[in-house]
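File shown here: input27.txt, holding compact mmCIF, C-alpha atoms and all ligand atoms.
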```txt
# COMPACT_ATOMS: atom_id res chain seq x y z
CA MET A 1 18.29 -0.19 -14.83
CA SER A 2 20.02 -3.48 -14.08
CA LEU A 3 17.85 -6.49 -13.24
CA ILE A 4 19.28 -9.79 -11.98
CA ILE A 5 16.84 -12.67 -11.69
CA TYR A 6 17.81 -15.78 -9.73
CA LYS A 7 16.18 -18.89 -11.15
CA LYS A 8 13.97 -21.08 -8.99
CA LYS A 9 16.30 -24.04 -9.45
CA ASP A 10 19.09 -22.13 -7.65
CA TYR A 11 17.03 -22.20 -4.50
CA ASN A 12 18.48 -24.30 -1.72
CA LYS A 13 15.36 -25.74 -0.11
CA ARG A 14 16.76 -25.55 3.42
CA ARG A 15 16.95 -21.78 3.16
CA LYS A 16 13.66 -20.09 3.89
CA VAL A 17 14.86 -16.66 2.76
CA ARG A 18 16.37 -16.15 -0.67
CA ILE A 19 16.80 -13.26 -3.06
CA ALA A 20 14.60 -13.89 -6.11
CA TYR A 21 15.68 -10.80 -8.06
CA LYS A 22 17.38 -7.49 -7.56
CA THR A 23 17.88 -4.14 -9.26
CA ASP A 24 20.25 -1.23 -8.58
CA ARG A 25 17.87 0.09 -5.95
CA GLY A 26 16.17 -2.92 -4.44
CA ARG A 27 15.67 -6.61 -3.93
CA LEU A 28 12.77 -9.00 -3.58
CA TYR A 29 13.22 -11.81 -1.08
CA GLN A 30 11.18 -14.93 -1.63
CA THR A 31 10.11 -15.65 1.93
CA LYS A 32 7.31 -15.43 4.42
CA ALA A 33 7.55 -12.27 6.49
CA GLU A 34 7.82 -14.23 9.76
CA ASP A 35 10.79 -16.22 8.37
CA PHE A 36 12.48 -13.04 7.21
CA PHE A 37 12.09 -11.42 10.63
CA SER A 38 13.60 -14.44 12.37
CA SER A 39 16.55 -14.60 9.93
CA SER A 40 19.85 -12.74 10.17
CA LYS A 41 19.02 -10.86 6.91
CA VAL A 42 16.70 -8.50 8.74
CA LYS A 43 19.44 -7.02 10.93
CA VAL A 44 20.99 -4.85 8.22
CA LEU A 45 17.65 -3.06 7.91
CA TYR A 46 17.33 -2.08 11.59
CA GLY A 47 16.75 1.66 11.92
CA LYS A 48 17.11 2.23 8.17
CA VAL A 49 13.56 2.09 6.77
CA GLN A 50 11.75 5.37 6.12
CA LEU A 51 8.46 3.80 5.04
CA ILE A 52 6.84 0.41 5.48
CA PHE A 53 4.12 0.42 2.87
CA THR A 54 2.01 -2.70 2.62
CA SER A 55 -1.27 -4.36 1.98
CA PRO A 56 -1.29 -7.50 4.15
CA PRO A 57 -3.21 -10.63 3.20
CA PHE A 58 -6.83 -9.68 3.84
CA ILE A 59 -9.08 -11.41 6.29
CA LEU A 60 -11.47 -13.29 4.03
CA ASN A 61 -14.61 -15.29 4.42
CA ARG A 62 -13.31 -17.72 1.82
CA LYS A 63 -9.80 -18.99 1.13
CA LYS A 64 -7.83 -17.38 -1.69
CA LYS A 65 -4.83 -18.92 -3.42
CA TYR A 66 -2.41 -17.72 -0.76
CA GLY A 67 -4.37 -19.14 2.20
CA ASN A 68 -5.33 -16.20 4.39
CA LEU A 69 -5.78 -16.66 8.10
CA THR A 70 -9.17 -15.94 9.56
CA GLY A 71 -10.48 -14.50 12.84
CA GLU A 72 -8.51 -14.35 16.08
CA GLU A 73 -5.59 -16.17 14.46
CA TYR A 74 -5.16 -13.26 12.09
CA ILE A 75 -5.31 -10.61 14.83
CA THR A 76 -2.58 -12.35 16.83
CA TRP A 77 -0.45 -13.07 13.76
CA PHE A 78 -0.63 -9.49 12.52
CA ALA A 79 -0.04 -7.83 15.93
CA LYS A 80 3.28 -9.68 16.28
CA PHE A 81 4.65 -7.67 13.37
CA ALA A 82 4.29 -4.42 15.36
CA HIS A 83 7.60 -5.07 17.17
CA ASP A 84 9.36 -6.30 14.04
CA PHE A 85 8.30 -3.28 12.01
CA LYS A 86 9.27 -0.85 14.76
CA LYS A 87 12.85 -2.13 14.82
CA LEU A 88 13.22 -1.43 11.10
CA LEU A 89 11.95 2.13 11.14
CA LYS A 90 13.99 5.30 11.28
CA LYS A 91 12.96 7.61 14.14
CA ASP A 92 10.80 9.69 11.80
CA GLY A 93 9.61 6.71 9.74
CA SER A 94 6.06 5.71 8.88
CA ILE A 95 3.99 2.58 8.38
CA VAL A 96 1.13 2.70 5.89
CA ILE A 97 -1.23 -0.27 5.86
CA GLU A 98 -4.03 -0.87 3.39
CA LEU A 99 -6.82 -3.04 4.81
CA GLY A 100 -9.96 -3.99 2.94
CA ASN A 101 -13.38 -4.52 4.43
CA GLY A 102 -14.27 -8.01 5.57
CA TRP A 103 -17.70 -9.65 5.65
CA GLU A 104 -19.13 -12.27 7.98
CA PRO A 105 -19.34 -15.69 6.28
CA GLY A 106 -22.86 -16.30 4.98
CA LYS A 107 -24.33 -13.09 6.42
CA PRO A 108 -24.93 -9.64 4.96
CA THR A 109 -22.99 -8.04 7.82
CA MET A 110 -19.52 -6.65 8.05
CA SER A 111 -16.71 -8.12 10.08
CA THR A 112 -14.88 -5.91 12.57
CA LEU A 113 -11.79 -8.13 12.51
CA ALA A 114 -9.75 -5.76 10.34
CA LEU A 115 -10.44 -2.96 12.82
CA GLN A 116 -9.60 -5.18 15.76
CA ALA A 117 -6.36 -6.22 14.05
CA LEU A 118 -5.44 -2.58 13.51
CA LEU A 119 -6.19 -1.60 17.12
CA LYS A 120 -4.17 -4.51 18.48
CA PHE A 121 -1.28 -3.62 16.16
CA LEU A 122 -1.35 0.02 17.35
CA GLU A 123 -1.43 -1.07 20.98
CA GLU A 124 1.41 -3.60 20.61
CA GLY A 125 3.69 -1.10 18.87
CA LYS A 126 2.58 1.90 20.99
CA PHE A 127 2.12 3.63 17.66
CA HIS A 128 0.41 6.91 16.81
CA LEU A 129 -2.34 6.93 14.22
CA CYS A 130 -1.25 9.86 12.05
CA GLN A 131 -4.19 9.84 9.66
CA GLN A 132 -6.79 7.58 8.12
CA PHE A 133 -7.25 7.53 4.34
CA ILE A 134 -9.93 6.02 2.17
CA CYS A 135 -8.93 4.55 -1.19
CA TYR A 136 -12.02 4.58 -3.39
CA ASN A 137 -11.93 2.44 -6.52
CA PRO A 138 -14.80 3.42 -8.86
CA ALA A 139 -14.00 0.47 -11.15
CA ARG A 140 -14.33 -2.16 -8.40
CA LEU A 141 -16.66 -5.01 -9.31
CA PRO A 142 -19.82 -5.23 -7.19
CA SER A 143 -19.25 -7.31 -4.07
CA PRO A 144 -20.16 -9.15 -1.88
CA ALA A 145 -22.11 -10.54 -4.85
CA GLN A 146 -24.84 -12.37 -2.91
CA TRP A 147 -25.95 -9.26 -1.02
CA VAL A 148 -25.24 -6.67 -3.70
CA ASN A 149 -26.14 -8.33 -7.02
CA VAL A 150 -28.44 -11.20 -6.10
CA GLU A 151 -30.53 -10.06 -3.12
CA ARG A 152 -29.88 -6.33 -3.70
CA ILE A 153 -29.83 -5.57 0.02
CA ARG A 154 -26.37 -3.96 0.21
CA VAL A 155 -24.45 -1.57 -2.02
CA LYS A 156 -21.05 -2.03 -3.68
CA ASP A 157 -18.13 -2.27 -1.26
CA ALA A 158 -15.82 0.05 -3.16
CA PHE A 159 -13.07 1.31 -0.86
CA THR A 160 -10.21 0.15 1.29
CA HIS A 161 -8.94 1.76 4.49
CA VAL A 162 -5.41 3.07 4.47
CA TRP A 163 -3.93 3.68 7.89
CA TRP A 164 -0.90 5.91 8.32
CA ILE A 165 0.89 4.99 11.52
CA SER A 166 4.16 5.99 13.17
CA PRO A 167 6.14 5.57 16.38
CA ASN A 168 6.59 9.35 16.19
CA ASP A 169 3.76 11.90 16.23
CA ARG A 170 5.61 14.04 13.66
CA PRO A 171 7.07 11.58 11.12
CA LYS A 172 8.76 12.85 7.97
CA ALA A 173 6.01 14.04 5.59
CA ASN A 174 5.48 16.87 3.14
CA ASN A 175 2.20 17.43 1.30
CA ARG A 176 3.95 19.80 -1.15
CA ARG A 177 5.25 16.66 -2.87
CA ILE A 178 1.75 15.38 -3.64
CA LEU A 179 -0.12 18.49 -4.78
CA LYS A 180 -3.00 17.92 -7.20
CA GLU A 181 -3.55 19.98 -10.30
CA TYR A 182 -5.88 22.90 -9.50
CA SER A 183 -9.49 22.58 -10.65
CA LYS A 184 -10.56 24.63 -13.69
CA SER A 185 -12.46 27.08 -11.47
CA MET A 186 -9.48 27.58 -9.15
CA LYS A 187 -7.21 28.21 -12.14
CA HIS A 188 -9.70 30.79 -13.33
CA LEU A 189 -9.82 32.49 -9.93
CA LEU A 190 -6.04 32.61 -9.77
CA ALA A 191 -5.87 34.03 -13.29
CA THR A 192 -8.48 36.71 -12.68
CA GLY A 193 -7.63 37.42 -9.03
CA LYS A 194 -11.37 37.56 -8.29
CA TYR A 195 -11.41 35.40 -5.20
CA ASN A 196 -14.60 35.76 -3.21
CA SER A 197 -13.00 36.42 0.18
CA GLY A 198 -14.83 37.23 3.40
CA LYS A 199 -17.07 35.50 5.89
CA ARG A 200 -18.65 32.15 4.95
CA PRO A 201 -22.01 30.83 6.31
CA SER A 202 -19.86 28.43 8.39
CA GLU A 203 -18.45 31.55 10.17
CA HIS A 204 -14.98 30.86 8.68
CA HIS A 205 -13.23 33.97 7.45
CA ILE A 206 -11.56 33.41 4.08
CA GLY A 207 -8.70 35.84 3.60
CA LYS A 208 -7.85 37.00 0.08
CA GLU A 209 -4.12 36.83 0.74
CA SER A 210 -4.04 33.14 1.68
CA PHE A 211 -6.60 31.78 -0.79
CA ASN A 212 -5.72 33.79 -3.84
CA LYS A 213 -2.15 32.56 -3.91
CA ASP A 214 -0.79 30.09 -6.45
CA ASN A 215 0.67 27.28 -4.32
CA LYS A 216 1.46 25.19 -7.44
CA GLY A 217 -1.45 22.86 -6.81
CA ALA A 218 -4.19 21.86 -4.39
CA ILE A 219 -3.56 19.98 -1.16
CA PRO A 220 -5.16 16.55 -1.66
CA PRO A 221 -7.86 15.23 0.67
CA ASN A 222 -7.62 11.94 2.58
CA VAL A 223 -10.01 10.30 0.12
CA LEU A 224 -8.03 8.96 -2.83
CA THR A 225 -9.95 7.99 -5.96
CA LEU A 226 -7.92 5.41 -7.86
CA SER A 227 -8.87 2.76 -10.41
CA ASN A 228 -6.73 -0.21 -11.38
CA THR A 229 -7.82 -0.52 -14.95
CA LYS A 230 -4.69 0.26 -16.98
CA ALA A 231 -4.80 -2.82 -19.20
CA ASN A 232 -1.64 -1.94 -21.08
CA ASP A 233 0.83 -1.78 -18.21
CA ASN A 234 4.08 -3.78 -18.25
CA TYR A 235 2.96 -6.13 -15.53
CA LEU A 236 -0.22 -7.34 -17.24
CA ALA A 237 1.54 -7.66 -20.58
CA TYR A 238 4.30 -9.72 -18.95
CA CYS A 239 1.72 -11.97 -17.26
CA ARG A 240 -0.11 -12.47 -20.56
CA ILE A 241 3.02 -13.36 -22.51
CA ASN A 242 4.42 -15.65 -19.82
CA ARG A 243 1.08 -17.23 -18.89
CA PHE A 244 0.96 -16.03 -15.30
CA GLN A 245 -2.36 -15.28 -13.63
CA PRO A 246 -2.14 -11.60 -12.60
CA HIS A 247 -2.11 -11.14 -8.83
CA PRO A 248 -5.76 -11.04 -7.69
CA ALA A 249 -5.31 -8.39 -5.00
CA ARG A 250 -2.76 -5.99 -6.41
CA MET A 251 -3.06 -2.40 -5.32
CA GLN A 252 -3.30 0.65 -7.52
CA ASN A 253 0.06 2.06 -8.65
CA GLY A 254 -1.23 5.51 -7.70
CA LEU A 255 -1.68 4.49 -4.07
CA ALA A 256 1.97 3.48 -3.72
CA GLU A 257 3.04 6.60 -5.62
CA PHE A 258 1.05 8.90 -3.34
CA PHE A 259 2.50 7.60 -0.06
CA ILE A 260 6.06 7.10 -1.29
CA LYS A 261 6.17 10.71 -2.51
CA PHE A 262 4.40 12.06 0.59
CA LEU A 263 6.48 10.25 3.23
CA THR A 264 9.92 9.72 1.66
CA THR A 265 12.54 11.45 -0.49
CA PRO A 266 14.90 9.97 -3.10
CA ARG A 267 17.31 7.31 -1.78
CA ASN A 268 15.14 6.63 1.31
CA LEU A 269 14.39 2.96 1.93
CA VAL A 270 10.85 1.60 1.42
CA PHE A 271 9.93 -1.87 2.70
CA ASP A 272 6.94 -4.04 1.79
CA PRO A 273 6.68 -7.27 3.83
CA PHE A 274 3.65 -8.59 1.88
CA GLY A 275 4.81 -7.62 -1.59
CA GLY A 276 2.42 -9.57 -3.86
CA SER A 277 3.08 -8.32 -7.38
CA ASN A 278 5.59 -5.83 -5.95
CA THR A 279 3.70 -2.66 -6.82
CA THR A 280 5.59 -0.99 -3.95
CA GLY A 281 9.06 -1.99 -5.12
CA ALA A 282 8.39 -0.99 -8.72
CA MET A 283 7.02 2.42 -7.72
CA ALA A 284 9.91 2.99 -5.31
CA GLU A 285 12.34 2.15 -8.12
CA LYS A 286 10.60 4.59 -10.45
CA LEU A 287 10.71 7.34 -7.84
CA LYS A 288 14.41 6.68 -7.13
CA ARG A 289 13.92 5.31 -3.64
CA ARG A 290 15.66 2.13 -2.43
CA TRP A 291 13.35 -0.80 -1.65
CA VAL A 292 13.08 -4.28 -0.14
CA SER A 293 10.00 -6.47 -0.68
CA LEU A 294 9.03 -9.93 0.53
CA GLU A 295 6.68 -12.46 -1.09
CA PRO A 296 6.54 -16.24 -0.64
CA VAL A 297 4.41 -17.43 -3.60
CA ASP A 298 6.45 -18.51 -6.65
CA ASP A 299 4.05 -17.24 -9.30
CA TYR A 300 3.63 -13.84 -7.67
CA VAL A 301 7.39 -13.50 -7.27
CA TYR A 302 8.22 -14.38 -10.87
CA SER A 303 5.37 -12.50 -12.50
CA SER A 304 6.31 -9.35 -10.56
CA VAL A 305 9.57 -9.29 -12.53
CA GLY A 306 7.42 -7.89 -15.35
CA ARG A 307 7.15 -4.60 -13.49
CA PHE A 308 10.87 -4.05 -13.99
CA LYS A 309 11.02 -4.83 -17.70
CA SER A 310 10.87 -1.76 -19.87
CA SER A 311 8.32 -3.10 -22.38
C1 LIG A 401 -2.94 -8.24 -0.53
S1 LIG A 401 -1.61 -9.06 -1.26
C2 LIG A 401 -0.47 -7.77 -1.61
C3 LIG A 401 -0.71 -7.16 -2.95
C4 LIG A 401 0.34 -6.16 -3.33
N1 LIG A 401 0.22 -4.93 -2.57
C5 LIG A 401 0.27 -5.86 -4.81
O1 LIG A 401 0.05 -4.69 -5.20
O2 LIG A 401 0.39 -6.80 -5.60
C6 LIG A 401 -0.86 -9.86 0.08
C7 LIG A 401 0.33 -10.75 -0.29
O3 LIG A 401 0.88 -11.27 0.91
C8 LIG A 401 1.41 -12.54 0.62
N2 LIG A 401 1.55 -13.27 1.88
C9 LIG A 401 0.67 -14.12 2.48
N3 LIG A 401 1.18 -14.58 3.63
C10 LIG A 401 2.41 -14.02 3.75
C11 LIG A 401 3.44 -14.11 4.73
N4 LIG A 401 3.30 -14.88 5.80
N5 LIG A 401 4.57 -13.37 4.53
C12 LIG A 401 4.72 -12.58 3.44
N6 LIG A 401 3.77 -12.47 2.48
C13 LIG A 401 2.64 -13.18 2.64
C14 LIG A 401 0.41 -13.15 -0.34
O4 LIG A 401 1.00 -14.19 -1.12
C15 LIG A 401 -0.03 -11.93 -1.15
O5 LIG A 401 0.67 -11.87 -2.37
```
Starting from the coordinates I provided, produce the structure as structure tokens.
Ligand SMILES: C[S@@+](CC[C@H](N)C(=O)[O-])C[C@H]1O[C@@H](n2cnc3c(N)ncnc32)[C@H](O)[C@@H]1O
Amino acid sequence: MSLIIYKKKDYNKRRKVRIAYKTDRGRLYQTKAEDFFSSSKVKVLYGKVQLIFTSPPFILNRKKKYGNLTGEEYITWFAKFAHDFKKLLKKDGSIVIELGNGWEPGKPTMSTLALQALLKFLEEGKFHLCQQFICYNPARLPSPAQWVNVERIRVKDAFTHVWWISPNDRPKANNRRILKEYSKSMKHLLATGKYNSGKRPSEHHIGKESFNKDNKGAIPPNVLTLSNTKANDNYLAYCRINRFQPHPARMQNGLAEFFIKFLTTPRNLVFDPFGGSNTTGAMAEKLKRRWVSLEPVDDYVYSSVGRFKSS
């Protein structure tokens, strides 16, 4: 794989959109998404993107390094992207958005802002909600700490919402590309042919023909259990060696892998407007899809290069 990295000093300060690095299949622009969408660079992507896969800056009750917006400001800011995203998508394209849970500042109650932002985004883009997913992270540290660890009046907030959206009610998708390995008991049933067919207490009739067939794996549910604990991956090693702080909100590689496989095929174009450590671009590269990612913060841009180094 070729990797060309453009040094920070090459950056002409008047330009708000610049390529920071590129590979054979993709490029990361150092830019804010709003600057990219108002630049001429965006036009070559119109109607070409199969999947917009992203985890936008979360709505937080405290400021993180990259200065998240809060409240109504966020809802308005995010909804504006509905039109921009729609122009990029192919007719059968999809948008997948990961949104974490937010909490009210200083109170043990949840914020509905993420849900409001999603609803406004759907309305603005006249999008269909194809399916909701839950991404459960069993290794997530207990939070919000005050309510969970100190006062012990709430439990661990351990999942994010993943919303699959499209302008089309039948976007390109194929669950045969994301089959899970059969459980031990299912493998046994298939091997012995002793499937317990017939009527279930739920009144469903389970036919032997359909359930005793080897479909090369099980159809996954919409609850994805994914940890982010692989300490030895290229990205973390690169951050350690080059003294970068790893991105604090990077998503699980498996989440990007699941949706890229499910909703695209090789050579399709995947776009992530809030790239962070570029999990999306790196997974797209690995799966032989083309990709474009955006990220404004220097350290996140240059540490994400580590995902494209072989070791
Ligand atoms: C939740 S993180 C994305 C994490 C990413 N999925 C990963 O796996 O590393 C959101 C990213 O959006 C970036 N961001 C914040 N405001 C932005 C803007 N206006 N345009 C583009 N990116 C922005 C932040 O710097 C942050 O890296």
Distance of CA of Asn228 (chain A) from CA of Gln252 (chain A), expressed in Å to one decimal place:
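A separation of 5.2 Å between them.
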If we count only C-alpha atoms and set the cut-off at 12 Å, which residues sit around Thr109 (chain A), ignoring sequence neighbours fewer than 2 positions away in its own chain? Please answer as a list of chain:residue names.
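Near neighbours after the sequence-gap exclusion: A:Asn61, A:Asn101, A:Gly102, A:Trp103, A:Glu104, A:Pro105, A:Gly106, A:Lys107, A:Ser111, A:Thr112, A:Pro144, A:Gln146, A:Trp147, A:Val148, A:Ile153, A:Arg154, A:Val155, A:Asp157.
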What does the list of residues within 7 Å of ligand LIG 401 (chain A) look like if you count only C-alpha atoms and all ligand atoms, written as a VMD selection string?
chain A and resid 31 to 34 54 to 58 66 68 247 249 to 252 273 to 280 294 to 297 300
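Closest to Phe127 (chain A) among A:Val270, A:Leu89, A:Ala158, A:Val150 is A:Leu89, based on all atoms listed in the file.
Closest approach to Val305 (chain A) among A:Tyr6, A:Phe259, A:Tyr21, A:Trp164 is made by A:Tyr21 (distances from all atoms listed in the file).
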Fewer than 5 positions away in the same chain doesn't count, so skip those; otherwise give me all residues within 12 Å of Pro221 (chain A), counting only C-alpha atoms, as a ChimeraX atom specification.
/A:131-135,175,178-180,258
Expected answer as number ranges by chain: all residues with atoms within 9 Å of (12.0, 0.7, 10.5), only C-alpha atoms:
A: 45-52, 84-91, 93-95, 271
Quick one: of A:Lys261, A:Lys126, A:Lys184, A:His161, who's nearest to Ile97 (chain A), counting all atoms listed in the file?
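Between A:Lys261, A:Lys126, A:Lys184, A:His161, the residue approaching Ile97 (chain A) most closely is A:His161.
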So, counting all atoms listed in the file, which residue among A:Phe262, A:Gln116, A:Gly254, A:Glu123 is closest to Pro171 (chain A)?
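The closest residue to Pro171 (chain A) is A:Phe262.
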When distances are computed from only C-alpha atoms, which of A:Ala191, A:Val301, A:Val292, A:Ile206 shows the smallest separation from Val42 (chain A)?
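Of the candidates, the smallest distance to Val42 (chain A) is held by A:Val292.
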